[in-house]
Amino acid sequence: MLKDRAIVNKKMRCGNSAVKNKGGYRAHARFGSIGDNTNALCCYLEMNKECKMYFGSISGGSAYKFGLFQKKDTGIWTTGSPQKPQELTEEEALTLGKEIRDALVRGVHIIRNADLDSIEAYEKLDEDLKIGLGEQIYNWSWVHKYFSIICNEKLSGFHSADWQLHVLRALRIKPSERYYVRSGQIAMVQNYLGWGYREFFDAFIERIGEPKQFVRLGSSDEKKNYAAEWAKRGIVAIGWPDLGDLSEYVTGESIDRKLLQDKLKELYYPNDERTASRKAGEIARFYRCNSNTIFVMMEGEQLLALADGVGNNYYDSDEEMANQRAATWKFVFSAGEKMPEKAEGRLTTCYQLGNEENLLFLYDRYYYGEDLGNCFSYEDKDKKRTTEHPPIRYCTGYQSEFERNRIIFGAPGTGKSYTLNEEKDKLLGKENNDDYERVTFHPDYSYANFVGTYKPVPCKDSSGKDSITYEYVPGPFMRAYVKALNRGRSECVKPFLLIIEEINRANVAAVFGDIFQLLDRNDFNISEYPIQATEDMKKFLAKPEQLGGKPEDYSQLSIPDNMFIWATMNSADQGVFPMDTAFKRRWDFTYLGINESEKDLIGKTVVLGSGNTIQRVEWNKLRRAINDFLAKEKINEDKQLGPYFISRKIVVPLEGKEIERDKFIRTFKNKVIMYLFEDAAKQKRSKLFEGCFDNSNRYSEICREFDDKGIGIFHHDIQIATEPEDLGFESDEE
């Protein structure tokens, strides 16, 4: 018990363990947000990438989910809920923090001492934890995650109820109504397989995918049944055509149900407020459906089919069922078949099913049922042609060891572009030149260049004469976006990579604009927060040669999981634009150290100087010696010389170890001396170029003396550390 308390104390401590004020030192911050809280327990459980990968995610929601937190802007300790926040003094926060800490320790003790070999044992555990921790703390997902890390053989890494229910239903196991029992049900499966959480999750997500919502959808109105027509056209739809496009009722990030209700009452139910309210909810449900929605197509109580691969909502004013979505119909039910609880959702248009017997039945048919084929008969020809394009998939399930958003940074010459190019080949294959696009940012680069804009383009007028028209011209981002989505449509999903060189040489906040929001990806590597597409974008994406379909299909933009964005950054460059914290946190940064890629340079030498000063010098030793001097002079590492500040093709000869003298000398003067003189050592010239005596402030004289003296132009510490080999040549005078 004491050991557990010490572990909890260590992790729950904030990065700055104590803060001095007029009253002395306040107590250790346990759930603090002030200062570096990277290793605080709550932050670690939610934000640490390895912790999320191997022990499951608790992302989402607000800081209230932790039961206690410190507001970053005010430093005030807070508990309660977003609806009923409660501010605490430091003493009150400390008391509550200790209560939570002690509850964690008690919980670990209860779990460790429980013999969990049956559902009944897990039911007792659930009850013991509820009593021992209190019902509120016991229900927190982060508390469950903490327990599952310490007792990972007894609890699973699925911490949300939605995921627990999804996993068990997909495995044909009836979920318990109790939180820790469901966790135990999954843990017993993992133990049977001999798999840890990550192995189990990877296999599950590849075969099953994310949590699903089964939504009952009626297929008829007072006039006719539309099922056969919809199945052949590959769509689902709802009525109320006079409402117009449902996207017109969206405010912020969601549909405004009250606005929809008022319009329904005005147009369809003038004397029935209750029905208008209920139908507004059903219509809003249809609009909110996404790629993880499975429509249960029904006629009354009769099951017709399941429909997945759901596309975005679009409006067709020529149709009675005007708000439509693309969908793929699957005929997994026999004629006249009904759900176990057949009355659920009866007399509704669009209703999310929640009865457990029904959901187990539907999960079984969706994942394991046989498609019996379309049994509808078609008497009339379709009014519309079935779409030629498969549905768009943002979550393709594509797996990769690489992060989707990456920035490789380091000092000049550390091999950032070279490393990125090598890893590009690992991601795409060496011979694949069609699955990536490269762009270089510069100070004048803009959103219009990067994403796209209307531009004048040449064309022919009706008489055949040259003319000018305006149309939307995509930039690198939009081209990459289209290619990634098209590659995600096939059964063999392929990635697409957008490479940005020198990302910080442009004002990234202006270049990315609202696209910046899409970089925030969820646990499945798709954009967590979609953005609204402009009318220009929607029309462009709907072109047959792009994604096809209707402009309304692309009302929102989300980056798919098979789209990778990699960039290089050299923070030592002058005139670069700073990146704000919000932008940085959406990227995975990989730092290339100053000496990480030097192995190919070891032993590669060049002859420098002339006459009495002629010497054989190893470039890598000279580079290291210069860097050591710069470091002693308090010049940051990002200003120092990477192994390939001079091009690899010069300093790594194809044969032997001898670097071609003339090329090296020319490049050294034009690149290395110039960089040191004008940038890295501008304030240290006289000391760095000590061997040039009175000429250390004249670039041309330093270069001239380098021809004669070689490394003799530098400070004596650099000359000694380079360990040159004196070739013993005598001058012509001698």
# chains A, B, ... in the order shown; residues from 1 in each chain; ligands from 1
$ select_by_dssp --residues "region 230-350 of chain A" --states "helix (DSSP H, G or I)" --output "ChimeraX atom specification"
/A:230-233,241-243,246-249,257-267,273-288
$ residues_around --residues "region 582-590 of chain A" --least-positions-apart "2" --cutoff "10 Å" --atoms "only C-alpha atoms" --output "JSON, numbers by chain"
{"A": [402, 403, 404, 405, 406, 407, 408, 409, 410, 416, 508, 509, 512, 516, 517, 518, 519, 520, 521, 565, 566, 567, 568, 569, 579, 580, 592, 593]}
$ residues_around --residues "Leu347 (chain A)" --least-positions-apart "3" --cutoff "10 Å" --atoms "only C-alpha atoms" --output "list in words"
Gly218, Gly300, Glu301, Ala343, Glu344, Cys350 and Tyr351 of chain A
$ residues_around --residues "Ser334 (chain A)" --least-positions-apart "3" --cutoff "12 Å" --atoms "only C-alpha atoms" --output "short mmCIF file (atom, residue, chain, number, x, y, z; two decimals) with all heavy atoms, in the first residue's frame"
data_model
loop_
_atom_site.label_atom_id
_atom_site.label_comp_id
_atom_site.auth_asym_id
_atom_site.auth_seq_id
_atom_site.Cartn_x
_atom_site.Cartn_y
_atom_site.Cartn_z
N GLN A 302 -40.62 -5.07 -40.65
CA GLN A 302 -39.88 -6.00 -41.50
C GLN A 302 -38.49 -5.46 -41.82
O GLN A 302 -38.32 -4.33 -42.25
CB GLN A 302 -40.63 -6.25 -42.80
CG GLN A 302 -39.95 -7.26 -43.71
CD GLN A 302 -40.71 -7.48 -44.99
OE1 GLN A 302 -41.89 -7.13 -45.07
NE2 GLN A 302 -40.07 -8.04 -45.99
N LEU A 303 -37.49 -6.32 -41.62
CA LEU A 303 -36.11 -5.97 -41.94
C LEU A 303 -35.87 -6.17 -43.43
O LEU A 303 -36.19 -7.22 -43.99
CB LEU A 303 -35.14 -6.83 -41.14
CG LEU A 303 -35.11 -6.58 -39.63
CD1 LEU A 303 -34.44 -7.74 -38.90
CD2 LEU A 303 -34.39 -5.27 -39.32
N LEU A 304 -35.29 -5.16 -44.08
CA LEU A 304 -35.01 -5.26 -45.51
C LEU A 304 -33.53 -5.47 -45.79
O LEU A 304 -33.15 -6.34 -46.57
CB LEU A 304 -35.48 -3.98 -46.22
CG LEU A 304 -36.96 -3.62 -46.09
CD1 LEU A 304 -37.23 -2.30 -46.79
CD2 LEU A 304 -37.84 -4.73 -46.66
N ALA A 305 -32.68 -4.64 -45.19
CA ALA A 305 -31.24 -4.70 -45.48
C ALA A 305 -30.50 -3.83 -44.48
O ALA A 305 -31.11 -3.08 -43.70
CB ALA A 305 -30.97 -4.22 -46.91
N LYS A 330 -26.62 -4.01 -48.01
CA LYS A 330 -26.21 -5.40 -47.77
C LYS A 330 -27.45 -6.20 -47.37
O LYS A 330 -28.09 -5.90 -46.36
CB LYS A 330 -25.15 -5.48 -46.67
CG LYS A 330 -23.87 -4.70 -46.97
CD LYS A 330 -22.89 -4.80 -45.82
CE LYS A 330 -21.63 -3.99 -46.09
NZ LYS A 330 -20.90 -4.46 -47.26
N PHE A 331 -27.76 -7.22 -48.15
CA PHE A 331 -29.00 -7.99 -47.95
C PHE A 331 -28.71 -9.23 -47.10
O PHE A 331 -28.45 -10.31 -47.61
CB PHE A 331 -29.60 -8.35 -49.30
CG PHE A 331 -30.04 -7.15 -50.08
CD1 PHE A 331 -29.16 -6.52 -50.96
CD2 PHE A 331 -31.30 -6.62 -49.94
CE1 PHE A 331 -29.54 -5.40 -51.67
CE2 PHE A 331 -31.71 -5.49 -50.64
CZ PHE A 331 -30.82 -4.88 -51.51
N GLU A 337 -38.10 -11.34 -42.08
CA GLU A 337 -37.39 -11.42 -40.79
C GLU A 337 -37.57 -10.12 -40.00
O GLU A 337 -37.64 -9.02 -40.56
CB GLU A 337 -35.91 -11.69 -41.03
CG GLU A 337 -35.17 -12.11 -39.78
CD GLU A 337 -33.82 -12.74 -40.08
OE1 GLU A 337 -33.37 -12.67 -41.24
OE2 GLU A 337 -33.23 -13.32 -39.15
N LYS A 338 -37.61 -10.27 -38.64
CA LYS A 338 -37.78 -9.12 -37.76
C LYS A 338 -36.73 -9.15 -36.66
O LYS A 338 -36.11 -10.19 -36.40
CB LYS A 338 -39.18 -9.13 -37.15
CG LYS A 338 -40.30 -9.02 -38.17
CD LYS A 338 -41.66 -9.09 -37.53
CE LYS A 338 -42.77 -9.03 -38.60
NZ LYS A 338 -44.11 -9.12 -38.00
N MET A 339 -36.53 -8.03 -35.99
CA MET A 339 -35.60 -7.96 -34.88
C MET A 339 -36.16 -8.70 -33.67
O MET A 339 -37.38 -8.87 -33.57
CB MET A 339 -35.32 -6.50 -34.50
CG MET A 339 -34.56 -5.71 -35.54
SD MET A 339 -34.05 -4.06 -34.96
CE MET A 339 -35.65 -3.28 -34.66
N ARG A 365 -25.28 -10.12 -37.70
CA ARG A 365 -25.60 -10.14 -39.13
C ARG A 365 -24.63 -9.26 -39.92
O ARG A 365 -24.23 -9.61 -41.04
CB ARG A 365 -27.04 -9.68 -39.36
CG ARG A 365 -28.06 -10.67 -38.86
CD ARG A 365 -27.88 -12.05 -39.53
NE ARG A 365 -28.81 -13.02 -39.01
CZ ARG A 365 -30.04 -13.20 -39.49
NH1 ARG A 365 -30.46 -12.47 -40.51
NH2 ARG A 365 -30.84 -14.11 -38.96
N GLY A 369 -22.91 -12.23 -41.11
CA GLY A 369 -24.00 -12.71 -41.96
C GLY A 369 -23.59 -12.79 -43.42
O GLY A 369 -22.70 -12.08 -43.90
N GLU A 370 -24.29 -13.63 -44.14
CA GLU A 370 -24.04 -13.80 -45.57
C GLU A 370 -24.94 -12.85 -46.36
O GLU A 370 -26.13 -12.72 -46.06
CB GLU A 370 -24.33 -15.25 -45.98
CG GLU A 370 -24.11 -15.52 -47.45
CD GLU A 370 -24.50 -16.93 -47.84
OE1 GLU A 370 -24.86 -17.72 -46.92
OE2 GLU A 370 -24.46 -17.25 -49.04
N ASP A 371 -24.37 -12.16 -47.34
CA ASP A 371 -25.17 -11.29 -48.20
C ASP A 371 -25.98 -12.18 -49.14
O ASP A 371 -25.42 -12.88 -50.00
CB ASP A 371 -24.27 -10.34 -48.99
CG ASP A 371 -25.07 -9.20 -49.63
OD1 ASP A 371 -26.26 -9.42 -49.93
OD2 ASP A 371 -24.51 -8.12 -49.83
N LEU A 372 -27.29 -12.16 -48.98
CA LEU A 372 -28.18 -13.03 -49.75
C LEU A 372 -28.51 -12.48 -51.13
O LEU A 372 -29.17 -13.14 -51.93
CB LEU A 372 -29.47 -13.28 -48.96
CG LEU A 372 -29.28 -13.86 -47.55
CD1 LEU A 372 -30.62 -13.92 -46.82
CD2 LEU A 372 -28.63 -15.23 -47.62
N GLY A 373 -28.08 -11.26 -51.40
CA GLY A 373 -28.31 -10.68 -52.72
C GLY A 373 -29.59 -9.86 -52.77
O GLY A 373 -30.53 -10.08 -52.01
N ASN A 374 -29.61 -8.92 -53.69
CA ASN A 374 -30.76 -8.03 -53.85
C ASN A 374 -31.95 -8.80 -54.43
O ASN A 374 -31.89 -9.32 -55.53
CB ASN A 374 -30.36 -6.88 -54.79
CG ASN A 374 -31.42 -5.80 -54.86
OD1 ASN A 374 -32.56 -6.01 -54.49
ND2 ASN A 374 -31.03 -4.65 -55.36
N CYS A 375 -33.03 -8.85 -53.64
CA CYS A 375 -34.20 -9.62 -54.07
C CYS A 375 -35.31 -8.72 -54.61
O CYS A 375 -36.40 -9.20 -54.95
CB CYS A 375 -34.74 -10.46 -52.91
SG CYS A 375 -35.27 -9.48 -51.49
#
$ residues_around --residues "Pro82 (chain A)" --least-positions-apart "3" --cutoff "9 Å" --atoms "only C-alpha atoms" --output "list of chain:residue names"
A:Ser62, A:Tyr64, A:Pro85
$ write_last_selection --atoms "all heavy atoms" --output "CSV table (one decimal), in the first residue's frame"
chain,number,residue,atom,x,y,z
A,62,SER,N,-13.7,17.4,-21.4
A,62,SER,CA,-13.0,18.5,-20.8
A,62,SER,C,-12.2,18.0,-19.6
A,62,SER,O,-12.2,16.9,-19.2
A,62,SER,CB,-14.0,19.6,-20.3
A,62,SER,OG,-14.8,19.0,-19.3
A,64,TYR,N,-12.8,18.6,-16.6
A,64,TYR,CA,-13.7,18.2,-15.5
A,64,TYR,C,-13.7,16.7,-15.3
A,64,TYR,O,-14.0,16.2,-14.2
A,64,TYR,CB,-15.1,18.7,-15.8
A,64,TYR,CG,-15.2,20.2,-15.6
A,64,TYR,CD1,-15.1,21.1,-16.6
A,64,TYR,CD2,-15.5,20.7,-14.3
A,64,TYR,CE1,-15.2,22.5,-16.4
A,64,TYR,CE2,-15.6,22.1,-14.1
A,64,TYR,CZ,-15.5,23.0,-15.2
A,64,TYR,OH,-15.6,24.3,-15.0
A,85,PRO,N,-19.6,24.2,-12.2
A,85,PRO,CA,-18.2,24.3,-11.8
A,85,PRO,C,-18.1,24.7,-10.3
A,85,PRO,O,-18.9,25.5,-9.8
A,85,PRO,CB,-17.6,25.3,-12.7
A,85,PRO,CG,-18.7,26.2,-13.1
A,85,PRO,CD,-19.9,25.3,-13.2
$ residues_around --residues "Gly345 (chain A)" --least-positions-apart "6" --cutoff "12 Å" --atoms "only C-alpha atoms" --output "list in words"
Phe214, Val215, Arg216, Leu217, Gly218, Glu282, Val296, Met297, Met298, Glu299, Gly300, Glu301, Met339, Tyr351, Gln352, Leu353, Gly354, Asn355 and Asn358 of chain A
$ residues_around --residues "Arg198 (chain A)" --least-positions-apart "6" --cutoff "9 Å" --atoms "only C-alpha atoms" --output "MDAnalysis selection string"
chainID A and resid 53:56 157
$ select_by_dssp --residues "region 321-538 of chain A" --states "strand (DSSP E)" --output "PyMOL selection string"
chain A and resi 323-326+328-330+350-352+405-410+436-440+452-460+466-474+496-501+531-532
$ write_last_selection --atoms "C-alpha atoms" --output "CSV table (one decimal), in the first residue's frame"
chain,number,residue,atom,x,y,z
A,323,ASN,CA,-32.1,14.8,-48.4
A,324,GLN,CA,-30.0,11.9,-49.5
A,325,ARG,CA,-26.8,10.1,-48.8
A,326,ALA,CA,-24.7,7.5,-50.7
A,328,THR,CA,-24.0,0.5,-49.8
A,329,TRP,CA,-26.9,-2.0,-49.3
A,330,LYS,CA,-26.2,-5.4,-47.8
A,350,CYS,CA,-34.8,7.7,-38.2
A,351,TYR,CA,-34.1,6.2,-34.8
A,352,GLN,CA,-30.9,5.0,-33.1
A,405,ASN,CA,1.9,14.9,-39.3
A,406,ARG,CA,5.7,15.1,-38.9
A,407,ILE,CA,8.3,17.8,-38.8
A,408,ILE,CA,12.0,16.8,-39.0
A,409,PHE,CA,14.2,19.6,-37.7
A,410,GLY,CA,17.8,20.2,-36.8
A,436,TYR,CA,3.7,12.0,-53.1
A,437,GLU,CA,4.1,15.7,-53.9
A,438,ARG,CA,6.8,18.0,-52.7
A,439,VAL,CA,6.5,21.8,-52.1
A,440,THR,CA,8.9,24.3,-50.7
A,452,GLY,CA,-6.1,26.7,-54.0
A,453,THR,CA,-8.0,29.7,-55.4
A,454,TYR,CA,-9.8,31.0,-58.4
A,455,LYS,CA,-7.3,31.9,-61.2
A,456,PRO,CA,-7.5,33.1,-64.8
A,457,VAL,CA,-6.9,30.2,-67.2
A,458,PRO,CA,-6.7,30.2,-71.0
A,459,CYS,CA,-9.6,28.7,-72.9
A,460,LYS,CA,-11.4,28.8,-76.2
A,466,ASP,CA,-8.4,32.2,-77.4
A,467,SER,CA,-10.0,33.6,-74.3
A,468,ILE,CA,-9.6,33.7,-70.5
A,469,THR,CA,-11.9,32.2,-67.9
A,470,TYR,CA,-11.7,31.8,-64.2
A,471,GLU,CA,-11.8,28.5,-62.4
A,472,TYR,CA,-10.7,27.0,-59.1
A,473,VAL,CA,-7.1,25.9,-59.4
A,474,PRO,CA,-6.0,23.5,-56.6
A,496,PHE,CA,-0.4,9.6,-50.2
A,497,LEU,CA,2.4,11.9,-48.9
A,498,LEU,CA,2.7,15.6,-49.0
A,499,ILE,CA,6.2,16.8,-48.4
A,500,ILE,CA,6.8,20.4,-47.3
A,501,GLU,CA,10.4,21.6,-47.4
A,531,ILE,CA,-14.2,22.2,-41.4
A,532,GLN,CA,-16.8,23.6,-43.8
$ atom_distance --atom1 "CA of Thr722 (chain A)" --atom2 "CA of Lys682 (chain A)"
22.0 Å
$ closest_residue --among "A:Val189, A:Asn37, A:Lys543, A:Leu45" --to "Ile149 (chain A)" --atoms "only C-alpha atoms"
A:Leu45
$ atom_distance --atom1 "CA of Ile205 (chain A)" --atom2 "CA of Leu116 (chain A)"
26.6 Å
$ atom_distance --atom1 "CA of Asn504 (chain A)" --atom2 "CA of Pro643 (chain A)"
21.8 Å
$ closest_residue --among "A:Arg487, A:Asp117, A:Ala276, A:Arg616" --to "Tyr192 (chain A)" --atoms "only C-alpha atoms"
A:Asp117
$ closest_residue --among "A:Asp245, A:Glu545, A:Glu319, A:Glu266" --to "Tyr226 (chain A)" --atoms "only C-alpha atoms"
A:Glu319
$ closest_residue --among "A:Pro653, A:Leu155, A:Lys599, A:Val143" --to "Ala114 (chain A)" --atoms "only C-alpha atoms"
A:Leu155
